[in-house]
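Working notes, structure below.
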Amino acid sequence: MFSDIGALELVTLVVLAVLVFGPDKLPKVIQDVSRFVRKIREFSDSAKNDIRSELGPEFKDFEFEDLNPKTFLRKQMESNEDLRELKELRGTFDLKKEMNEVADAVHGRETLPAVNGSAGAGAPAGGAPAGAPDLLKKQDKPDAGERPPYDSDAT
């Protein structure tokens, strides 16, 4: 319940409680609050038991935590066979390797031959034929007096 309260915040609450209620009344206030929390918990537990008894024996495994959408989805995903296959498939995909291959292609470096043999060692990284210009290769800077190429379709 209070897992996100830090030490400084807790000390501030204690000091504030002492200032508001005073050191004489503070133990009585703490007892009253704890009694109130205990009654709320008892009321909640009895309501849960009443709901379970009204639902009948077919809902004996029903947990109120399952009403939380995150818990419900996690439980459904663990029980679904198709999703297990997707997890296995996701495990075979190496994102770091794929990103490195894309980066090599962008920078014009040659990549290692693929497992399925689609890109050979003699082919350029971009996969263009040997006679075609490599569009992924970084262009040389033009001389000081030379104007860069202008592409009216690109602007």
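Chain identifiers are assigned as A, B, and so on, following the order in which chains appear in the structure tokens; residues are numbered from 1 within each chain, and ligands are numbered from 1 in order of appearance.
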Can you tell me which residues surround range 7-19 of chain A at a distance of at most 12 Å, considering only C-alpha atoms, apart from same-chain residues fewer than 6 positions away, and format the answer as a list in words?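 The filter keeps Lys25, Leu26, Pro27, Val29 and Ile30 of chain A.
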So that I can check the surroundings of range 75-79 of chain A, please list as a list in words every protein, DNA and RNA residue that reaches within 12 Å of it, counting only C-alpha atoms and ignoring chain neighbours fewer than 6 positions away.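 Counting only C-alpha atoms, the residues come to Glu63, Glu65, Asp66, Leu67, Asn68, Pro69, Glu85, Leu86 and Lys87 of chain A.
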One-decimal distance in Å that lies between CA of Ala144 in chain A and CA of His107 in chain A: 24.7 Å
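Across the structure, CA of Pro23 in chain A and CA of Ile40 in chain A are spaced 26.4 Å apart.
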Provide the CA of Lys60 in chain A to CA of Leu73 in chain A distance in Å, to one decimal place. 20.0 Å
